[in-house]
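Asker: Here's a structure for you.
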Amino acid sequence: MQNFLEEFYNFAKENNINVYRCAAVRGDGEPEAIKINGGNPCQNSYSAAKAFVVTAIGLLYDDGVLKTDEYICDILAEYCPENMSPLWKKITVDMALRHHLGLPGGFLDIDTHDANTFGFDYLGHALSYPIKEPDEFVYTDAAFYILGRVAAAKAGKPLMAYLWEKLFFPLECREVAWSCCPQGYIMGATGLYIRTIDMVKLGAVYLNNGTYKGKRILSEEWVKIVRERPYLRPISENNTAYGHGGMRGQKLIIIPESNCAVAWHGWLSDGLTDFVLDYFKNH
């Protein structure tokens, strides 16, 4: 992947794009990375963090302890407030993964609102909201905070402990941190600090039908589900590339047709997605 990384570096420099690092992997090969501009080794991935929550749900699905058609209110029954809208009883894990919650856009977004805005109990704040009929897609961070709580309940331990055991350690991640709510639960939707070369390893897992360097991380069934529903978001026409982006220019892209995955962290790094898709279309 060295030729691609050098081309990526040159494109970013020539266009004055403030990207810090880019990492890429082809097939089951070794991930490679390049530094473009100065920045701390671990960066906030913002909404690209959602790809890791999708994976946490998949790990629990593969463990046989979680089904996507389960109702969130059944899983989190002990936390459900008395004044909760009856519409919440319709919400399944699948609907949360697809942002069909009936909540307004931007709800529970700590990247654009003061974290104190939502009180001490984020889950109670979300479940007390008078939601609308959950019949359409509305992108909201609350979906993935709630899914993080679901995953922790099903794992029976803090979600970071579960992910270190099932994902981060097997992927040989160097260091990872995740912003938490006032009660100590990970935000899920944002706030994941990780090295770029470790973020691209998650792309390698999906690229290789659930394995990394020959180790089974996710089932082929879950990888197929993620593509078909889709729980990770299409990044190109006809879903030929998919993954997740984050505010201010973070990205994880999986391109199965080119047998590669690419990740980067930056600040307002517009134009890079088109460059990457065009590069692999022609190489």
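The way I read the labels, and the way they are meant: chains A, B, ... in the order of the structure tokens, residue 1 as the first residue of every chain, and ligand 1 as the first ligand shown, with later ones counted on from there.
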With a distance cut-off of 12 Å and only C-alpha atoms, select the neighbouring residues of Phe8 of chain A, excluding the residue or stretch itself and same-chain residues fewer than 2 positions from it, and output the selection as a PDB file with N, CA and C atoms, in the first residue's frame.

Answerer:
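To be explicit, this is the file written out as part_37.pdb:
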```pdb
ATOM      1  N   MET A   1       0.816  -1.217   0.000  1.00  0.00           N
ATOM      2  CA  MET A   1       0.000   0.000   0.000  1.00  0.00           C
ATOM      3  C   MET A   1       0.855   1.275   0.000  1.00  0.00           C
ATOM      4  N   GLN A   2       2.171   1.120  -0.081  1.00  0.00           N
ATOM      5  CA  GLN A   2       3.045   2.280   0.022  1.00  0.00           C
ATOM      6  C   GLN A   2       2.811   3.287  -1.090  1.00  0.00           C
ATOM      7  N   ASN A   3       2.578   2.805  -2.315  1.00  0.00           N
ATOM      8  CA  ASN A   3       2.322   3.727  -3.425  1.00  0.00           C
ATOM      9  C   ASN A   3       1.070   4.561  -3.169  1.00  0.00           C
ATOM     10  N   PHE A   4       0.010   3.905  -2.687  1.00  0.00           N
ATOM     11  CA  PHE A   4      -1.217   4.644  -2.379  1.00  0.00           C
ATOM     12  C   PHE A   4      -0.968   5.687  -1.306  1.00  0.00           C
ATOM     13  N   LEU A   5      -0.288   5.307  -0.220  1.00  0.00           N
ATOM     14  CA  LEU A   5      -0.052   6.245   0.875  1.00  0.00           C
ATOM     15  C   LEU A   5       0.775   7.438   0.416  1.00  0.00           C
ATOM     16  N   GLU A   6       1.742   7.214  -0.457  1.00  0.00           N
ATOM     17  CA  GLU A   6       2.529   8.325  -0.983  1.00  0.00           C
ATOM     18  C   GLU A   6       1.673   9.247  -1.850  1.00  0.00           C
ATOM     19  N   ASN A  10       0.823  13.169  -1.116  1.00  0.00           N
ATOM     20  CA  ASN A  10       1.039  14.223  -2.105  1.00  0.00           C
ATOM     21  C   ASN A  10      -0.238  15.002  -2.382  1.00  0.00           C
ATOM     22  N   PHE A  11      -1.361  14.284  -2.495  1.00  0.00           N
ATOM     23  CA  PHE A  11      -2.639  14.951  -2.758  1.00  0.00           C
ATOM     24  C   PHE A  11      -3.003  15.886  -1.608  1.00  0.00           C
ATOM     25  N   ALA A  12      -2.829  15.412  -0.376  1.00  0.00           N
ATOM     26  CA  ALA A  12      -3.161  16.231   0.787  1.00  0.00           C
ATOM     27  C   ALA A  12      -2.281  17.473   0.861  1.00  0.00           C
ATOM     28  N   LYS A  13      -0.987  17.301   0.612  1.00  0.00           N
ATOM     29  CA  LYS A  13      -0.063  18.435   0.683  1.00  0.00           C
ATOM     30  C   LYS A  13      -0.328  19.442  -0.439  1.00  0.00           C
ATOM     31  N   GLU A  14      -0.544  18.944  -1.654  1.00  0.00           N
ATOM     32  CA  GLU A  14      -0.770  19.833  -2.794  1.00  0.00           C
ATOM     33  C   GLU A  14      -2.050  20.642  -2.644  1.00  0.00           C
ATOM     34  N   ASN A  15      -3.032  20.068  -1.956  1.00  0.00           N
ATOM     35  CA  ASN A  15      -4.325  20.732  -1.791  1.00  0.00           C
ATOM     36  C   ASN A  15      -4.504  21.344  -0.405  1.00  0.00           C
ATOM     37  N   ASN A  16      -3.409  21.360   0.353  1.00  0.00           N
ATOM     38  CA  ASN A  16      -3.413  21.989   1.675  1.00  0.00           C
ATOM     39  C   ASN A  16      -4.540  21.439   2.559  1.00  0.00           C
ATOM     40  N   ILE A  17      -4.683  20.128   2.550  1.00  0.00           N
ATOM     41  CA  ILE A  17      -5.715  19.461   3.351  1.00  0.00           C
ATOM     42  C   ILE A  17      -5.116  19.061   4.696  1.00  0.00           C
ATOM     43  N   VAL A  19      -4.938  16.870   7.094  1.00  0.00           N
ATOM     44  CA  VAL A  19      -5.127  15.501   7.571  1.00  0.00           C
ATOM     45  C   VAL A  19      -3.865  15.102   8.328  1.00  0.00           C
ATOM     46  N   TYR A  20      -4.042  14.371   9.441  1.00  0.00           N
ATOM     47  CA  TYR A  20      -2.896  14.051  10.294  1.00  0.00           C
ATOM     48  C   TYR A  20      -2.205  12.762   9.849  1.00  0.00           C
ATOM     49  N   ARG A  21      -2.957  11.699   9.794  1.00  0.00           N
ATOM     50  CA  ARG A  21      -2.408  10.399   9.410  1.00  0.00           C
ATOM     51  C   ARG A  21      -3.413   9.652   8.546  1.00  0.00           C
ATOM     52  N   CYS A  22      -2.890   8.819   7.690  1.00  0.00           N
ATOM     53  CA  CYS A  22      -3.702   7.913   6.890  1.00  0.00           C
ATOM     54  C   CYS A  22      -3.131   6.515   7.062  1.00  0.00           C
ATOM     55  N   ALA A  23      -4.003   5.523   7.122  1.00  0.00           N
ATOM     56  CA  ALA A  23      -3.584   4.123   7.198  1.00  0.00           C
ATOM     57  C   ALA A  23      -4.386   3.328   6.186  1.00  0.00           C
ATOM     58  N   ALA A  24      -3.772   2.279   5.664  1.00  0.00           N
ATOM     59  CA  ALA A  24      -4.436   1.452   4.655  1.00  0.00           C
ATOM     60  C   ALA A  24      -3.982   0.014   4.791  1.00  0.00           C
ATOM     61  N   ALA A  33       0.840   2.878   7.560  1.00  0.00           N
ATOM     62  CA  ALA A  33       0.370   4.236   7.840  1.00  0.00           C
ATOM     63  C   ALA A  33       1.413   5.255   7.424  1.00  0.00           C
ATOM     64  N   ILE A  34       0.940   6.491   7.221  1.00  0.00           N
ATOM     65  CA  ILE A  34       1.829   7.597   6.897  1.00  0.00           C
ATOM     66  C   ILE A  34       1.359   8.836   7.644  1.00  0.00           C
ATOM     67  N   LYS A  35       2.306   9.623   8.127  1.00  0.00           N
ATOM     68  CA  LYS A  35       2.009  10.884   8.799  1.00  0.00           C
ATOM     69  C   LYS A  35       2.072  12.009   7.782  1.00  0.00           C
ATOM     70  N   ILE A  36       1.018  12.826   7.744  1.00  0.00           N
ATOM     71  CA  ILE A  36       0.968  13.927   6.784  1.00  0.00           C
ATOM     72  C   ILE A  36       1.219  15.260   7.475  1.00  0.00           C
ATOM     73  N   VAL A 262      -9.249   1.835   4.111  1.00  0.00           N
ATOM     74  CA  VAL A 262      -8.474   3.049   4.344  1.00  0.00           C
ATOM     75  C   VAL A 262      -9.100   3.810   5.509  1.00  0.00           C
ATOM     76  N   ALA A 263      -8.251   4.416   6.338  1.00  0.00           N
ATOM     77  CA  ALA A 263      -8.732   5.258   7.433  1.00  0.00           C
ATOM     78  C   ALA A 263      -7.860   6.492   7.538  1.00  0.00           C
ATOM     79  N   TRP A 264      -8.456   7.581   8.014  1.00  0.00           N
ATOM     80  CA  TRP A 264      -7.651   8.757   8.307  1.00  0.00           C
ATOM     81  C   TRP A 264      -8.313   9.597   9.393  1.00  0.00           C
ATOM     82  N   SER A 269     -10.949  17.763   6.537  1.00  0.00           N
ATOM     83  CA  SER A 269     -10.193  17.143   5.438  1.00  0.00           C
ATOM     84  C   SER A 269     -11.097  16.777   4.266  1.00  0.00           C
ATOM     85  N   GLY A 271     -12.507  16.378   0.469  1.00  0.00           N
ATOM     86  CA  GLY A 271     -11.909  16.007  -0.809  1.00  0.00           C
ATOM     87  C   GLY A 271     -11.181  14.692  -0.797  1.00  0.00           C
ATOM     88  N   LEU A 272     -10.892  14.151   0.361  1.00  0.00           N
ATOM     89  CA  LEU A 272     -10.108  12.927   0.434  1.00  0.00           C
ATOM     90  C   LEU A 272     -10.915  11.688   0.050  1.00  0.00           C
ATOM     91  N   THR A 273     -12.198  11.665   0.389  1.00  0.00           N
ATOM     92  CA  THR A 273     -13.013  10.494   0.050  1.00  0.00           C
ATOM     93  C   THR A 273     -13.047  10.281  -1.454  1.00  0.00           C
ATOM     94  N   ASP A 274     -13.300  11.343  -2.210  1.00  0.00           N
ATOM     95  CA  ASP A 274     -13.337  11.222  -3.672  1.00  0.00           C
ATOM     96  C   ASP A 274     -11.972  10.797  -4.219  1.00  0.00           C
ATOM     97  N   PHE A 275     -10.902  11.338  -3.621  1.00  0.00           N
ATOM     98  CA  PHE A 275      -9.566  10.947  -4.073  1.00  0.00           C
ATOM     99  C   PHE A 275      -9.340   9.452  -3.868  1.00  0.00           C
ATOM    100  N   VAL A 276      -9.695   8.948  -2.704  1.00  0.00           N
ATOM    101  CA  VAL A 276      -9.486   7.525  -2.398  1.00  0.00           C
ATOM    102  C   VAL A 276     -10.306   6.640  -3.314  1.00  0.00           C
ATOM    103  N   LEU A 277     -11.584   6.975  -3.498  1.00  0.00           N
ATOM    104  CA  LEU A 277     -12.442   6.155  -4.363  1.00  0.00           C
ATOM    105  C   LEU A 277     -11.943   6.165  -5.801  1.00  0.00           C
ATOM    106  N   ASP A 278     -11.514   7.340  -6.274  1.00  0.00           N
ATOM    107  CA  ASP A 278     -11.005   7.435  -7.651  1.00  0.00           C
ATOM    108  C   ASP A 278      -9.698   6.670  -7.804  1.00  0.00           C
ATOM    109  N   TYR A 279      -8.848   6.764  -6.778  1.00  0.00           N
ATOM    110  CA  TYR A 279      -7.556   6.063  -6.858  1.00  0.00           C
ATOM    111  C   TYR A 279      -7.755   4.566  -7.027  1.00  0.00           C
ATOM    112  N   PHE A 280      -8.598   3.984  -6.185  1.00  0.00           N
ATOM    113  CA  PHE A 280      -8.765   2.530  -6.245  1.00  0.00           C
ATOM    114  C   PHE A 280      -9.639   2.080  -7.410  1.00  0.00           C
TER     115      PHE A 280
END
```

Asker: Name all residues at most 8 Å from Lys89 of chain A (count only C-alpha atoms; drop same-chain ones fewer than 5 positions away) and give them as a list in words.

Answerer: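 Once the nearby chain positions are removed, what remains is Tyr71, Ile72 and Cys73 of chain A.
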
Asker: At a cut-off of 9 Å, using only C-alpha atoms, what residues contact segment 217-232 of chain A? Leave out same-chain residues fewer than 5 positions from it and give the result as a list in words.

Answerer: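 The residues satisfying every condition are Lys50, Ala51, Val54, Thr55, Gly58, Leu59, Tyr61, Asp62, Asp94, Leu97, Arg98, Lys166, Leu167, Pro170, Leu171, Val205, Tyr206, Leu207, Asn208, Asn209, Gly210, Thr211, Tyr212, Asn239, Tyr242, Gly243 and His244 of chain A.
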
Asker: Give me, as number ranges by chain, all polymer residues having an atom no more than 8 Å from Asn259 of chain A, counting only C-alpha atoms and skipping those fewer than 4 positions away in the same chain.

Answerer: A: 26-27, 207, 255

Asker: Store the residues of this selection in a file with all heavy atoms, as an mmCIF file, in the first residue's frame.

Answerer:
```cif
data_model
loop_
_atom_site.group_PDB
_atom_site.id
_atom_site.type_symbol
_atom_site.label_atom_id
_atom_site.label_comp_id
_atom_site.auth_asym_id
_atom_site.auth_seq_id
_atom_site.Cartn_x
_atom_site.Cartn_y
_atom_site.Cartn_z
ATOM 1 N N ARG A 26 -4.436 -3.892 2.511
ATOM 2 C CA ARG A 26 -4.984 -4.649 1.386
ATOM 3 C C ARG A 26 -5.117 -6.106 1.793
ATOM 4 O O ARG A 26 -4.155 -6.714 2.284
ATOM 5 C CB ARG A 26 -4.104 -4.535 0.151
ATOM 6 C CG ARG A 26 -4.788 -5.094 -1.115
ATOM 7 C CD ARG A 26 -3.910 -4.976 -2.347
ATOM 8 N NE ARG A 26 -3.693 -3.624 -2.793
ATOM 9 C CZ ARG A 26 -4.569 -2.935 -3.539
ATOM 10 N NH1 ARG A 26 -5.725 -3.474 -3.877
ATOM 11 N NH2 ARG A 26 -4.287 -1.714 -3.930
ATOM 12 N N GLY A 27 -6.318 -6.634 1.614
ATOM 13 C CA GLY A 27 -6.565 -8.033 1.955
ATOM 14 C C GLY A 27 -6.229 -8.327 3.394
ATOM 15 O O GLY A 27 -6.581 -7.576 4.304
ATOM 16 N N LEU A 207 -13.388 -6.338 5.642
ATOM 17 C CA LEU A 207 -12.873 -6.657 4.314
ATOM 18 C C LEU A 207 -12.639 -8.154 4.157
ATOM 19 O O LEU A 207 -12.877 -8.729 3.083
ATOM 20 C CB LEU A 207 -11.555 -5.899 4.102
ATOM 21 C CG LEU A 207 -10.908 -5.987 2.730
ATOM 22 C CD1 LEU A 207 -11.775 -5.324 1.677
ATOM 23 C CD2 LEU A 207 -9.525 -5.329 2.771
ATOM 24 N N ILE A 255 -13.458 -1.011 0.914
ATOM 25 C CA ILE A 255 -13.708 -1.093 -0.533
ATOM 26 C C ILE A 255 -13.490 -2.536 -0.972
ATOM 27 O O ILE A 255 -12.393 -2.914 -1.423
ATOM 28 C CB ILE A 255 -12.786 -0.137 -1.318
ATOM 29 C CG1 ILE A 255 -12.724 1.244 -0.657
ATOM 30 C CG2 ILE A 255 -13.255 -0.014 -2.773
ATOM 31 C CD1 ILE A 255 -11.721 2.193 -1.286
#
```

Asker: For Met95 of chain A, work out the shell of residues within 9 Å, counting only C-alpha atoms and skipping chain neighbours fewer than 5 positions away, then give it as a PDB file with N, CA, C and O atoms, in the first residue's frame.

Answerer:
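Output contents, as saved in selection26.pdb:
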```pdb
ATOM      1  N   THR A  68     -31.000  -8.854  16.987  1.00  0.00           N
ATOM      2  CA  THR A  68     -31.298  -7.498  16.535  1.00  0.00           C
ATOM      3  C   THR A  68     -32.787  -7.171  16.594  1.00  0.00           C
ATOM      4  O   THR A  68     -33.153  -5.998  16.531  1.00  0.00           O
ATOM      5  N   ASP A  69     -33.637  -8.189  16.714  1.00  0.00           N
ATOM      6  CA  ASP A  69     -35.072  -7.908  16.822  1.00  0.00           C
ATOM      7  C   ASP A  69     -35.536  -7.795  18.268  1.00  0.00           C
ATOM      8  O   ASP A  69     -36.739  -7.677  18.534  1.00  0.00           O
ATOM      9  N   HIS A 100     -33.727   4.660  13.399  1.00  0.00           N
ATOM     10  CA  HIS A 100     -35.187   4.769  13.374  1.00  0.00           C
ATOM     11  C   HIS A 100     -35.686   4.788  14.815  1.00  0.00           C
ATOM     12  O   HIS A 100     -36.207   3.791  15.329  1.00  0.00           O
ATOM     13  N   LEU A 101     -35.515   5.943  15.472  1.00  0.00           N
ATOM     14  CA  LEU A 101     -35.878   6.056  16.887  1.00  0.00           C
ATOM     15  C   LEU A 101     -37.026   7.022  17.143  1.00  0.00           C
ATOM     16  O   LEU A 101     -37.603   7.007  18.227  1.00  0.00           O
ATOM     17  N   PRO A 134     -41.525   6.017  15.038  1.00  0.00           N
ATOM     18  CA  PRO A 134     -40.179   5.743  14.504  1.00  0.00           C
ATOM     19  C   PRO A 134     -40.211   5.078  13.133  1.00  0.00           C
ATOM     20  O   PRO A 134     -39.749   3.956  12.936  1.00  0.00           O
ATOM     21  N   ALA A 143     -28.977   7.266  19.326  1.00  0.00           N
ATOM     22  CA  ALA A 143     -29.133   5.865  18.931  1.00  0.00           C
ATOM     23  C   ALA A 143     -27.944   5.035  19.376  1.00  0.00           C
ATOM     24  O   ALA A 143     -28.097   3.924  19.907  1.00  0.00           O
TER      25      ALA A 143
END
```

Asker: One decimal, in Å: what's the spacing between atom CA of Tyr145 of chain A and atom CA of Tyr122 of chain A?

Answerer: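 Atom-to-atom, atom CA of Tyr145 of chain A and atom CA of Tyr122 of chain A are spaced 8.6 Å apart.
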
Asker: List every residue of segment 24-117 of chain A that DSSP, applied to the backbone, labels as strand (DSSP E or B), and write the result as a ChimeraX atom specification.

Answerer: /A:24-26,32-35,42-44,71,92

Asker: Write out as an NGL selection string all residues of segment 38-283 of chain A that backbone DSSP assigns to helix (DSSP H, G or I).

Answerer: :A and (46-63 or 72-75 or 77-79 or 86-90 or 93-97 or 115-118 or 122-127 or 141-155 or 159-168 or 196-207 or 220-228 or 237-239 or 256-258 or 272-281)

Asker: For Ala152 of chain A, which residue among A:Ala56, A:Ala241, A:Thr140, A:Leu87 is the nearest when counting only C-alpha atoms?

Answerer: A:Ala56
